[in-house]
Structures are given as structure tokens and as C-alpha cells.
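S.K.: Structure file target_2.cif (mmCIF, N, CA and C atoms) right here:
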```
data_query
loop_
_atom_site.group_PDB
_atom_site.id
_atom_site.type_symbol
_atom_site.label_atom_id
_atom_site.label_comp_id
_atom_site.auth_asym_id
_atom_site.auth_seq_id
_atom_site.Cartn_x
_atom_site.Cartn_y
_atom_site.Cartn_z
ATOM 1 N N MET A 1 -38.612 191.494 158.415
ATOM 2 C CA MET A 1 -38.560 191.190 157.014
ATOM 3 C C MET A 1 -37.942 192.387 156.289
ATOM 4 N N PRO A 2 -36.846 192.190 155.628
ATOM 5 C CA PRO A 2 -36.212 193.316 154.932
ATOM 6 C C PRO A 2 -37.053 193.766 153.747
ATOM 7 N N TRP A 3 -36.811 195.001 153.350
ATOM 8 C CA TRP A 3 -37.563 195.557 152.240
ATOM 9 C C TRP A 3 -37.146 194.883 150.947
ATOM 10 N N ARG A 4 -38.129 194.596 150.130
ATOM 11 C CA ARG A 4 -37.842 194.018 148.826
ATOM 12 C C ARG A 4 -38.807 194.630 147.822
ATOM 13 N N PRO A 5 -38.398 194.741 146.606
ATOM 14 C CA PRO A 5 -39.302 195.332 145.606
ATOM 15 C C PRO A 5 -40.484 194.407 145.341
ATOM 16 N N ARG A 6 -41.636 195.001 145.103
ATOM 17 C CA ARG A 6 -42.853 194.240 144.830
ATOM 18 C C ARG A 6 -43.003 194.006 143.346
ATOM 19 N N SER A 7 -43.578 192.879 143.058
ATOM 20 C CA SER A 7 -43.935 192.646 141.658
ATOM 21 C C SER A 7 -45.313 193.252 141.406
ATOM 22 N N ALA A 8 -45.726 193.296 140.210
ATOM 23 C CA ALA A 8 -47.005 193.918 139.858
ATOM 24 C C ALA A 8 -48.186 193.114 140.390
ATOM 25 N N SER A 9 -48.013 191.817 140.606
ATOM 26 C CA SER A 9 -49.129 190.993 141.066
ATOM 27 C C SER A 9 -49.313 191.053 142.583
ATOM 28 N N GLU A 10 -48.333 191.549 143.338
ATOM 29 C CA GLU A 10 -48.440 191.614 144.793
ATOM 30 C C GLU A 10 -49.120 192.906 145.219
ATOM 31 N N SER A 11 -49.898 192.801 146.254
ATOM 32 C CA SER A 11 -50.465 194.011 146.833
ATOM 33 C C SER A 11 -49.507 194.524 147.903
ATOM 34 N N TRP A 12 -49.758 195.716 148.379
ATOM 35 C CA TRP A 12 -48.884 196.272 149.417
ATOM 36 C C TRP A 12 -49.039 195.511 150.725
ATOM 37 N N TRP A 13 -50.193 194.869 150.924
ATOM 38 C CA TRP A 13 -50.442 194.158 152.180
ATOM 39 C C TRP A 13 -49.600 192.884 152.295
ATOM 40 N N ASP A 14 -49.245 192.280 151.173
ATOM 41 C CA ASP A 14 -48.440 191.059 151.210
ATOM 42 C C ASP A 14 -47.039 191.317 151.738
ATOM 43 N N ALA A 15 -46.553 192.529 151.628
ATOM 44 C CA ALA A 15 -45.204 192.851 152.082
ATOM 45 C C ALA A 15 -45.166 193.258 153.548
ATOM 46 N N VAL A 16 -46.321 193.407 154.195
ATOM 47 C CA VAL A 16 -46.380 193.860 155.581
ATOM 48 C C VAL A 16 -46.466 192.654 156.502
ATOM 49 N N ASP A 17 -45.599 192.621 157.498
ATOM 50 C CA ASP A 17 -45.625 191.556 158.500
ATOM 51 C C ASP A 17 -46.168 192.154 159.795
ATOM 52 N N VAL A 18 -47.387 191.761 160.178
ATOM 53 C CA VAL A 18 -48.066 192.352 161.319
ATOM 54 C C VAL A 18 -48.156 191.325 162.433
ATOM 55 N N ASP A 19 -47.830 191.742 163.645
ATOM 56 C CA ASP A 19 -47.978 190.894 164.818
ATOM 57 C C ASP A 19 -49.329 191.215 165.461
ATOM 58 N N TRP A 20 -50.354 190.428 165.113
ATOM 59 C CA TRP A 20 -51.718 190.705 165.569
ATOM 60 C C TRP A 20 -51.873 190.515 167.064
ATOM 61 N N GLU A 21 -51.116 189.616 167.661
ATOM 62 C CA GLU A 21 -51.217 189.419 169.110
ATOM 63 C C GLU A 21 -50.743 190.655 169.861
ATOM 64 N N PHE A 22 -49.691 191.282 169.368
ATOM 65 C CA PHE A 22 -49.197 192.496 170.010
ATOM 66 C C PHE A 22 -50.202 193.632 169.874
ATOM 67 N N ILE A 23 -50.822 193.746 168.711
ATOM 68 C CA ILE A 23 -51.832 194.787 168.510
ATOM 69 C C ILE A 23 -53.039 194.540 169.410
ATOM 70 N N ALA A 24 -53.470 193.285 169.536
ATOM 71 C CA ALA A 24 -54.585 192.955 170.429
ATOM 72 C C ALA A 24 -54.223 193.248 171.880
ATOM 73 N N PHE A 25 -52.981 192.963 172.265
ATOM 74 C CA PHE A 25 -52.535 193.254 173.626
ATOM 75 C C PHE A 25 -52.556 194.755 173.902
ATOM 76 N N ILE A 26 -52.111 195.553 172.954
ATOM 77 C CA ILE A 26 -52.106 197.008 173.136
ATOM 78 C C ILE A 26 -53.534 197.539 173.256
ATOM 79 N N ILE A 27 -54.443 197.041 172.424
ATOM 80 C CA ILE A 27 -55.835 197.496 172.476
ATOM 81 C C ILE A 27 -56.486 197.088 173.795
ATOM 82 N N LEU A 28 -56.287 195.839 174.229
ATOM 83 C CA LEU A 28 -56.861 195.390 175.502
ATOM 84 C C LEU A 28 -56.262 196.148 176.679
ATOM 85 N N SER A 29 -54.975 196.433 176.618
ATOM 86 C CA SER A 29 -54.345 197.199 177.690
ATOM 87 C C SER A 29 -54.894 198.617 177.753
ATOM 88 N N ALA A 30 -55.158 199.212 176.598
ATOM 89 C CA ALA A 30 -55.743 200.555 176.582
ATOM 90 C C ALA A 30 -57.141 200.539 177.196
ATOM 91 N N PHE A 31 -57.962 199.528 176.848
ATOM 92 C CA PHE A 31 -59.285 199.405 177.461
ATOM 93 C C PHE A 31 -59.180 199.203 178.966
ATOM 94 N N GLU A 32 -58.191 198.444 179.396
ATOM 95 C CA GLU A 32 -58.023 198.194 180.826
ATOM 96 C C GLU A 32 -57.657 199.471 181.573
ATOM 97 N N VAL A 33 -56.753 200.245 181.024
ATOM 98 C CA VAL A 33 -56.350 201.496 181.677
ATOM 99 C C VAL A 33 -57.506 202.489 181.692
ATOM 100 N N ILE A 34 -58.227 202.603 180.585
ATOM 101 C CA ILE A 34 -59.372 203.519 180.530
ATOM 102 C C ILE A 34 -60.449 203.092 181.527
ATOM 103 N N GLY A 35 -60.744 201.801 181.588
ATOM 104 C CA GLY A 35 -61.732 201.311 182.551
ATOM 105 C C GLY A 35 -61.304 201.537 183.988
ATOM 106 N N SER A 36 -60.031 201.360 184.281
ATOM 107 C CA SER A 36 -59.532 201.582 185.638
ATOM 108 C C SER A 36 -59.641 203.043 186.039
ATOM 109 N N VAL A 37 -59.319 203.930 185.118
ATOM 110 C CA VAL A 37 -59.442 205.362 185.409
ATOM 111 C C VAL A 37 -60.904 205.730 185.626
ATOM 112 N N LEU A 38 -61.807 205.170 184.827
ATOM 113 C CA LEU A 38 -63.227 205.462 184.995
ATOM 114 C C LEU A 38 -63.774 204.908 186.309
ATOM 115 N N VAL A 39 -63.231 203.803 186.794
ATOM 116 C CA VAL A 39 -63.646 203.282 188.104
ATOM 117 C C VAL A 39 -63.284 204.277 189.193
ATOM 118 N N VAL A 40 -62.101 204.842 189.099
ATOM 119 C CA VAL A 40 -61.616 205.727 190.159
ATOM 120 C C VAL A 40 -62.301 207.086 190.117
ATOM 121 N N ILE A 41 -62.523 207.653 188.930
ATOM 122 C CA ILE A 41 -63.046 209.019 188.865
ATOM 123 C C ILE A 41 -64.570 209.092 188.865
ATOM 124 N N ASN A 42 -65.260 207.967 188.708
ATOM 125 C CA ASN A 42 -66.714 207.990 188.651
ATOM 126 C C ASN A 42 -67.286 208.184 190.043
ATOM 127 N N LYS A 43 -68.255 209.091 190.161
ATOM 128 C CA LYS A 43 -68.838 209.388 191.468
ATOM 129 C C LYS A 43 -70.035 208.505 191.798
ATOM 130 N N ARG A 44 -70.647 207.918 190.801
ATOM 131 C CA ARG A 44 -71.790 207.032 191.042
ATOM 132 C C ARG A 44 -71.283 205.601 191.184
ATOM 133 N N LEU A 45 -71.688 204.960 192.268
ATOM 134 C CA LEU A 45 -71.134 203.648 192.588
ATOM 135 C C LEU A 45 -71.575 202.555 191.618
ATOM 136 N N VAL A 46 -72.789 202.623 191.120
ATOM 137 C CA VAL A 46 -73.252 201.590 190.190
ATOM 138 C C VAL A 46 -72.477 201.680 188.875
ATOM 139 N N ARG A 47 -72.239 202.886 188.406
ATOM 140 C CA ARG A 47 -71.439 203.040 187.190
ATOM 141 C C ARG A 47 -69.994 202.620 187.425
ATOM 142 N N ALA A 48 -69.473 202.920 188.602
ATOM 143 C CA ALA A 48 -68.112 202.476 188.924
ATOM 144 C C ALA A 48 -68.040 200.950 188.954
ATOM 145 N N ALA A 49 -69.094 200.293 189.446
ATOM 146 C CA ALA A 49 -69.124 198.828 189.434
ATOM 147 C C ALA A 49 -69.182 198.295 188.004
ATOM 148 N N PHE A 50 -69.895 198.989 187.119
ATOM 149 C CA PHE A 50 -69.925 198.587 185.706
ATOM 150 C C PHE A 50 -68.538 198.704 185.085
ATOM 151 N N TRP A 51 -67.846 199.804 185.330
ATOM 152 C CA TRP A 51 -66.502 199.976 184.768
ATOM 153 C C TRP A 51 -65.522 198.990 185.383
ATOM 154 N N LEU A 52 -65.739 198.625 186.648
ATOM 155 C CA LEU A 52 -64.902 197.596 187.262
ATOM 156 C C LEU A 52 -65.107 196.260 186.562
ATOM 157 N N ALA A 53 -66.352 195.938 186.237
ATOM 158 C CA ALA A 53 -66.623 194.692 185.511
ATOM 159 C C ALA A 53 -65.959 194.708 184.142
ATOM 160 N N MET A 54 -66.012 195.858 183.444
ATOM 161 C CA MET A 54 -65.352 195.947 182.145
ATOM 162 C C MET A 54 -63.841 195.764 182.285
ATOM 163 N N THR A 55 -63.268 196.354 183.314
ATOM 164 C CA THR A 55 -61.832 196.219 183.539
ATOM 165 C C THR A 55 -61.459 194.772 183.825
ATOM 166 N N LEU A 56 -62.253 194.083 184.625
ATOM 167 C CA LEU A 56 -61.954 192.693 184.952
ATOM 168 C C LEU A 56 -62.144 191.776 183.745
ATOM 169 N N VAL A 57 -63.087 192.091 182.874
ATOM 170 C CA VAL A 57 -63.257 191.302 181.648
ATOM 171 C C VAL A 57 -62.062 191.486 180.725
ATOM 172 N N THR A 58 -61.550 192.707 180.617
ATOM 173 C CA THR A 58 -60.377 192.913 179.759
ATOM 174 C C THR A 58 -59.141 192.235 180.326
ATOM 175 N N ILE A 59 -59.027 192.170 181.645
ATOM 176 C CA ILE A 59 -57.918 191.410 182.239
ATOM 177 C C ILE A 59 -58.055 189.934 181.874
ATOM 178 N N GLY A 60 -59.288 189.412 181.920
ATOM 179 C CA GLY A 60 -59.518 188.037 181.502
ATOM 180 C C GLY A 60 -59.192 187.812 180.038
ATOM 181 N N ALA A 61 -59.503 188.790 179.195
ATOM 182 C CA ALA A 61 -59.172 188.663 177.773
ATOM 183 C C ALA A 61 -57.663 188.641 177.559
ATOM 184 N N ILE A 62 -56.928 189.379 178.370
ATOM 185 C CA ILE A 62 -55.461 189.338 178.274
ATOM 186 C C ILE A 62 -54.952 187.966 178.700
ATOM 187 N N TYR A 63 -55.567 187.373 179.729
ATOM 188 C CA TYR A 63 -55.191 186.004 180.108
ATOM 189 C C TYR A 63 -55.449 185.035 178.955
ATOM 190 N N LEU A 64 -56.565 185.204 178.276
ATOM 191 C CA LEU A 64 -56.876 184.339 177.141
ATOM 192 C C LEU A 64 -55.886 184.559 176.000
ATOM 193 N N LEU A 65 -55.456 185.785 175.824
ATOM 194 C CA LEU A 65 -54.454 186.087 174.801
ATOM 195 C C LEU A 65 -53.125 185.403 175.105
ATOM 196 N N PHE A 66 -52.828 185.237 176.392
ATOM 197 C CA PHE A 66 -51.601 184.552 176.811
ATOM 198 C C PHE A 66 -51.781 183.040 176.908
ATOM 199 N N LEU A 67 -52.919 182.527 176.409
ATOM 200 C CA LEU A 67 -53.242 181.097 176.361
ATOM 201 C C LEU A 67 -53.353 180.465 177.745
ATOM 202 N N SER A 68 -53.880 181.207 178.705
ATOM 203 C CA SER A 68 -54.177 180.678 180.036
ATOM 204 C C SER A 68 -55.691 180.560 180.167
ATOM 205 N N GLU A 69 -56.231 179.493 179.618
ATOM 206 C CA GLU A 69 -57.681 179.350 179.562
ATOM 207 C C GLU A 69 -58.310 179.192 180.941
ATOM 208 N N PHE A 70 -57.654 178.440 181.835
ATOM 209 C CA PHE A 70 -58.228 178.224 183.162
ATOM 210 C C PHE A 70 -58.259 179.523 183.964
ATOM 211 N N VAL A 71 -57.180 180.283 183.914
ATOM 212 C CA VAL A 71 -57.145 181.557 184.637
ATOM 213 C C VAL A 71 -58.164 182.526 184.035
ATOM 214 N N PHE A 72 -58.339 182.484 182.716
ATOM 215 C CA PHE A 72 -59.365 183.293 182.057
ATOM 216 C C PHE A 72 -60.750 182.932 182.577
ATOM 217 N N LEU A 73 -61.042 181.637 182.671
ATOM 218 C CA LEU A 73 -62.351 181.190 183.136
ATOM 219 C C LEU A 73 -62.614 181.622 184.576
ATOM 220 N N ILE A 74 -61.625 181.464 185.438
ATOM 221 C CA ILE A 74 -61.779 181.887 186.832
ATOM 222 C C ILE A 74 -61.940 183.399 186.917
ATOM 223 N N GLN A 75 -61.178 184.136 186.134
ATOM 224 C CA GLN A 75 -61.270 185.599 186.125
ATOM 225 C C GLN A 75 -62.663 186.056 185.720
ATOM 226 N N ILE A 76 -63.223 185.440 184.694
ATOM 227 C CA ILE A 76 -64.547 185.851 184.223
ATOM 228 C C ILE A 76 -65.629 185.440 185.217
ATOM 229 N N LEU A 77 -65.573 184.199 185.697
ATOM 230 C CA LEU A 77 -66.633 183.718 186.590
ATOM 231 C C LEU A 77 -66.597 184.390 187.954
ATOM 232 N N VAL A 78 -65.426 184.432 188.569
ATOM 233 C CA VAL A 78 -65.344 184.926 189.946
ATOM 234 C C VAL A 78 -65.231 186.441 189.985
ATOM 235 N N TYR A 79 -64.224 186.974 189.342
ATOM 236 C CA TYR A 79 -63.959 188.396 189.496
ATOM 237 C C TYR A 79 -64.898 189.252 188.661
ATOM 238 N N ALA A 80 -65.028 188.964 187.371
ATOM 239 C CA ALA A 80 -65.872 189.806 186.520
ATOM 240 C C ALA A 80 -67.353 189.536 186.740
ATOM 241 N N GLY A 81 -67.711 188.364 187.260
ATOM 242 C CA GLY A 81 -69.111 188.056 187.485
ATOM 243 C C GLY A 81 -69.582 188.344 188.890
ATOM 244 N N ALA A 82 -68.871 187.821 189.865
ATOM 245 C CA ALA A 82 -69.358 187.872 191.240
ATOM 246 C C ALA A 82 -69.062 189.189 191.947
ATOM 247 N N VAL A 83 -67.902 189.756 191.742
ATOM 248 C CA VAL A 83 -67.528 190.959 192.486
ATOM 249 C C VAL A 83 -68.422 192.152 192.136
ATOM 250 N N PRO A 84 -68.654 192.482 190.860
ATOM 251 C CA PRO A 84 -69.572 193.601 190.586
ATOM 252 C C PRO A 84 -71.006 193.340 191.045
ATOM 253 N N VAL A 85 -71.475 192.098 190.940
ATOM 254 C CA VAL A 85 -72.822 191.785 191.422
ATOM 255 C C VAL A 85 -72.899 191.976 192.930
ATOM 256 N N LEU A 86 -71.877 191.554 193.648
ATOM 257 C CA LEU A 86 -71.833 191.758 195.096
ATOM 258 C C LEU A 86 -71.808 193.240 195.442
ATOM 259 N N LEU A 87 -71.061 194.030 194.689
ATOM 260 C CA LEU A 87 -71.031 195.474 194.921
ATOM 261 C C LEU A 87 -72.397 196.106 194.678
ATOM 262 N N VAL A 88 -73.068 195.713 193.605
ATOM 263 C CA VAL A 88 -74.384 196.285 193.301
ATOM 264 C C VAL A 88 -75.401 195.872 194.359
ATOM 265 N N PHE A 89 -75.375 194.626 194.808
ATOM 266 C CA PHE A 89 -76.275 194.212 195.893
ATOM 267 C C PHE A 89 -75.976 194.980 197.167
ATOM 268 N N GLY A 90 -74.718 195.191 197.474
ATOM 269 C CA GLY A 90 -74.365 195.986 198.653
ATOM 270 C C GLY A 90 -74.861 197.409 198.547
ATOM 271 N N ILE A 91 -74.788 197.981 197.370
ATOM 272 C CA ILE A 91 -75.284 199.343 197.165
ATOM 273 C C ILE A 91 -76.799 199.378 197.293
ATOM 274 N N MET A 92 -77.478 198.385 196.722
ATOM 275 C CA MET A 92 -78.936 198.379 196.750
ATOM 276 C C MET A 92 -79.492 198.115 198.147
ATOM 277 N N LEU A 93 -78.792 197.342 198.945
ATOM 278 C CA LEU A 93 -79.320 196.972 200.255
ATOM 279 C C LEU A 93 -78.979 197.964 201.356
ATOM 280 N N THR A 94 -78.068 198.879 201.102
ATOM 281 C CA THR A 94 -77.762 199.878 202.125
ATOM 282 C C THR A 94 -78.797 200.983 202.062
ATOM 283 N N ARG A 95 -79.047 201.579 203.202
ATOM 284 C CA ARG A 95 -80.050 202.634 203.273
ATOM 285 C C ARG A 95 -79.423 203.961 202.893
ATOM 286 N N ARG A 96 -80.167 204.756 202.159
ATOM 287 C CA ARG A 96 -79.742 206.127 201.862
ATOM 288 C C ARG A 96 -80.449 207.044 202.841
ATOM 289 N N THR A 97 -79.683 207.886 203.477
ATOM 290 C CA THR A 97 -80.285 208.842 204.405
ATOM 291 C C THR A 97 -80.515 210.157 203.674
ATOM 292 N N ILE A 98 -81.563 210.843 204.091
ATOM 293 C CA ILE A 98 -81.867 212.134 203.487
ATOM 294 C C ILE A 98 -80.928 213.158 204.091
ATOM 295 N N MET A 99 -80.236 213.861 203.219
ATOM 296 C CA MET A 99 -79.258 214.847 203.663
ATOM 297 C C MET A 99 -79.978 216.089 204.171
ATOM 298 N N ASP A 100 -79.293 216.841 204.985
ATOM 299 C CA ASP A 100 -79.845 218.097 205.503
ATOM 300 C C ASP A 100 -79.652 219.205 204.471
ATOM 301 N N GLU A 101 -80.393 219.106 203.392
ATOM 302 C CA GLU A 101 -80.361 220.118 202.343
ATOM 303 C C GLU A 101 -81.706 220.815 202.316
ATOM 304 N N PRO A 102 -81.732 222.003 201.728
ATOM 305 C CA PRO A 102 -83.027 222.679 201.611
ATOM 306 C C PRO A 102 -84.016 221.826 200.822
ATOM 307 N N GLY A 103 -85.144 221.609 201.382
ATOM 308 C CA GLY A 103 -86.170 220.803 200.725
ATOM 309 C C GLY A 103 -86.105 219.342 201.102
ATOM 310 N N GLY A 104 -85.065 218.900 201.776
ATOM 311 C CA GLY A 104 -84.946 217.518 202.217
ATOM 312 C C GLY A 104 -84.856 216.516 201.096
ATOM 313 N N THR A 105 -84.238 216.879 199.997
ATOM 314 C CA THR A 105 -84.133 215.960 198.870
ATOM 315 C C THR A 105 -82.892 215.093 199.001
ATOM 316 N N VAL A 106 -82.964 213.950 198.369
ATOM 317 C CA VAL A 106 -81.829 213.034 198.345
ATOM 318 C C VAL A 106 -80.913 213.461 197.207
ATOM 319 N N PRO A 107 -79.621 213.643 197.469
ATOM 320 C CA PRO A 107 -78.724 214.042 196.383
ATOM 321 C C PRO A 107 -78.573 212.919 195.363
ATOM 322 N N PRO A 108 -78.275 213.280 194.118
ATOM 323 C CA PRO A 108 -78.149 212.238 193.089
ATOM 324 C C PRO A 108 -76.949 211.357 193.306
#
```
Starting from the file, give its structure as C-alpha cells.
M.R.:
Amino acid sequence: MPWRPRSASESWWDAVDVDWEFIAFIILSAFEVIGSVLVVINKRLVRAAFWLAMTLVTIGAIYLLFLSEFVFLIQILVYAGAVPVLLVFGIMLTRRTIMDEPGGTVPP
């Protein structure tokens, strides 16, 4: 939209043409990248599974933004729902061994 002078009755917002879908895509992409980095750098597996779930939910939100409702539904149900739960169950059901540290304590 080319620049045009405003009349006294118009606000500055009426002259701005904003693409909200692009802004939503940029915000969701930023959340996805931040969540992915937190999955990789986190040392605690349960927290990494939480960040993985957040990353998969944001991927589903991007699918919804692209008007792919079925792929969004599958992404949320299967990937964002089942995969982190499976990871947490796997973590909970595995045995932790006591490390050979002074005092025989389990590391955090």
C-alpha cells in the first residue's frame, strides 16, 4: 500500500497493512527453534521430553496455520501426545544404578 496522507479522522493504525499470518508464523517458528535447542542442551531427560512436547505442539500449530487440519490433529495426538508420554514411561521404568561416588549417592 503506497503512502498517502492521513485525514484528521484516521488513526495511524488504519494506514498500516499487517500480515498477521506471517507474524504468527515467525513467532511459532521462534518457539520451535527455542524448544528444539532446549531439547538438545537439557541434561535432564524429563525436562527434555517436556521441551520436545512443546516443539511438537508448535509444529502442529504451524500445520494449523497452513490450514492442514488433519495433519495438525495427527501431529497433536500422535507426536505431541504419545511420544513424550512414551519417553517419560521409558525413563520411569528404567532402573537407576548407584554410581561409584563418595557416599554412594545417586547423581541428580
S.K.: Atom N of Arg47 of chain A and atom CA of Ala24 of chain A, how far apart in Å?
M.R.: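 Taking atom CA of Ala24 of chain A and atom N of Arg47 of chain A, their separation equals 27.1 Å.
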S.K.: With only C-alpha atoms as the basis for distance, which of A:Met54, A:Leu64, A:Ala49, A:Ile74 is at the shortest distance from Leu87 of chain A?
M.R.: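 Among A:Met54, A:Leu64, A:Ala49, A:Ile74, it is A:Ala49 that comes nearest to Leu87 of chain A.
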S.K.: Determine, counting all atoms listed in the file, which protein, DNA and RNA residues have an atom within 8 Å of an atom of Pro84 of chain A; residues of the same chain fewer than 3 positions away are not included. Present the result as an NGL selection string.
M.R.: :A and (48-50 or 52-53 or 78-81 or 87-90)
S.K.: Using all atoms of segment 72-83 of chain A that appear in the file, construct an axis-aligned enclosing box with 8 Å of padding on every side and provide its centre coordinates and edge lengths in Å, rounded to one decimal, as lines of an AutoDock Vina configuration file.
M.R.:
```
center_x = -64.0
center_y = 186.7
center_z = 187.3
size_x = 27.2
size_y = 27.0
size_z = 26.4
```
S.K.: For atom N of Thr94 of chain A and atom N of Thr58 of chain A, quote the distance in Å rounded to one decimal.
M.R.: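 Spanning atom N of Thr94 of chain A to atom N of Thr58 of chain A is a straight-line distance of 27.0 Å.
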S.K.: Please indicate the distance in Å from atom N of Tyr63 of chain A to atom N of Ala30 of chain A, rounded to one decimal place.
M.R.: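 Spanning atom N of Tyr63 of chain A to atom N of Ala30 of chain A is a straight-line distance of 12.3 Å.
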S.K.: Could you state which residues are captured by the PyMOL selection byres (((chain A and resi 28 and name CA) around 12) and name CA) in this file, as a ChimeraX atom specification?
M.R.: /A:21-27,29-35,54-65
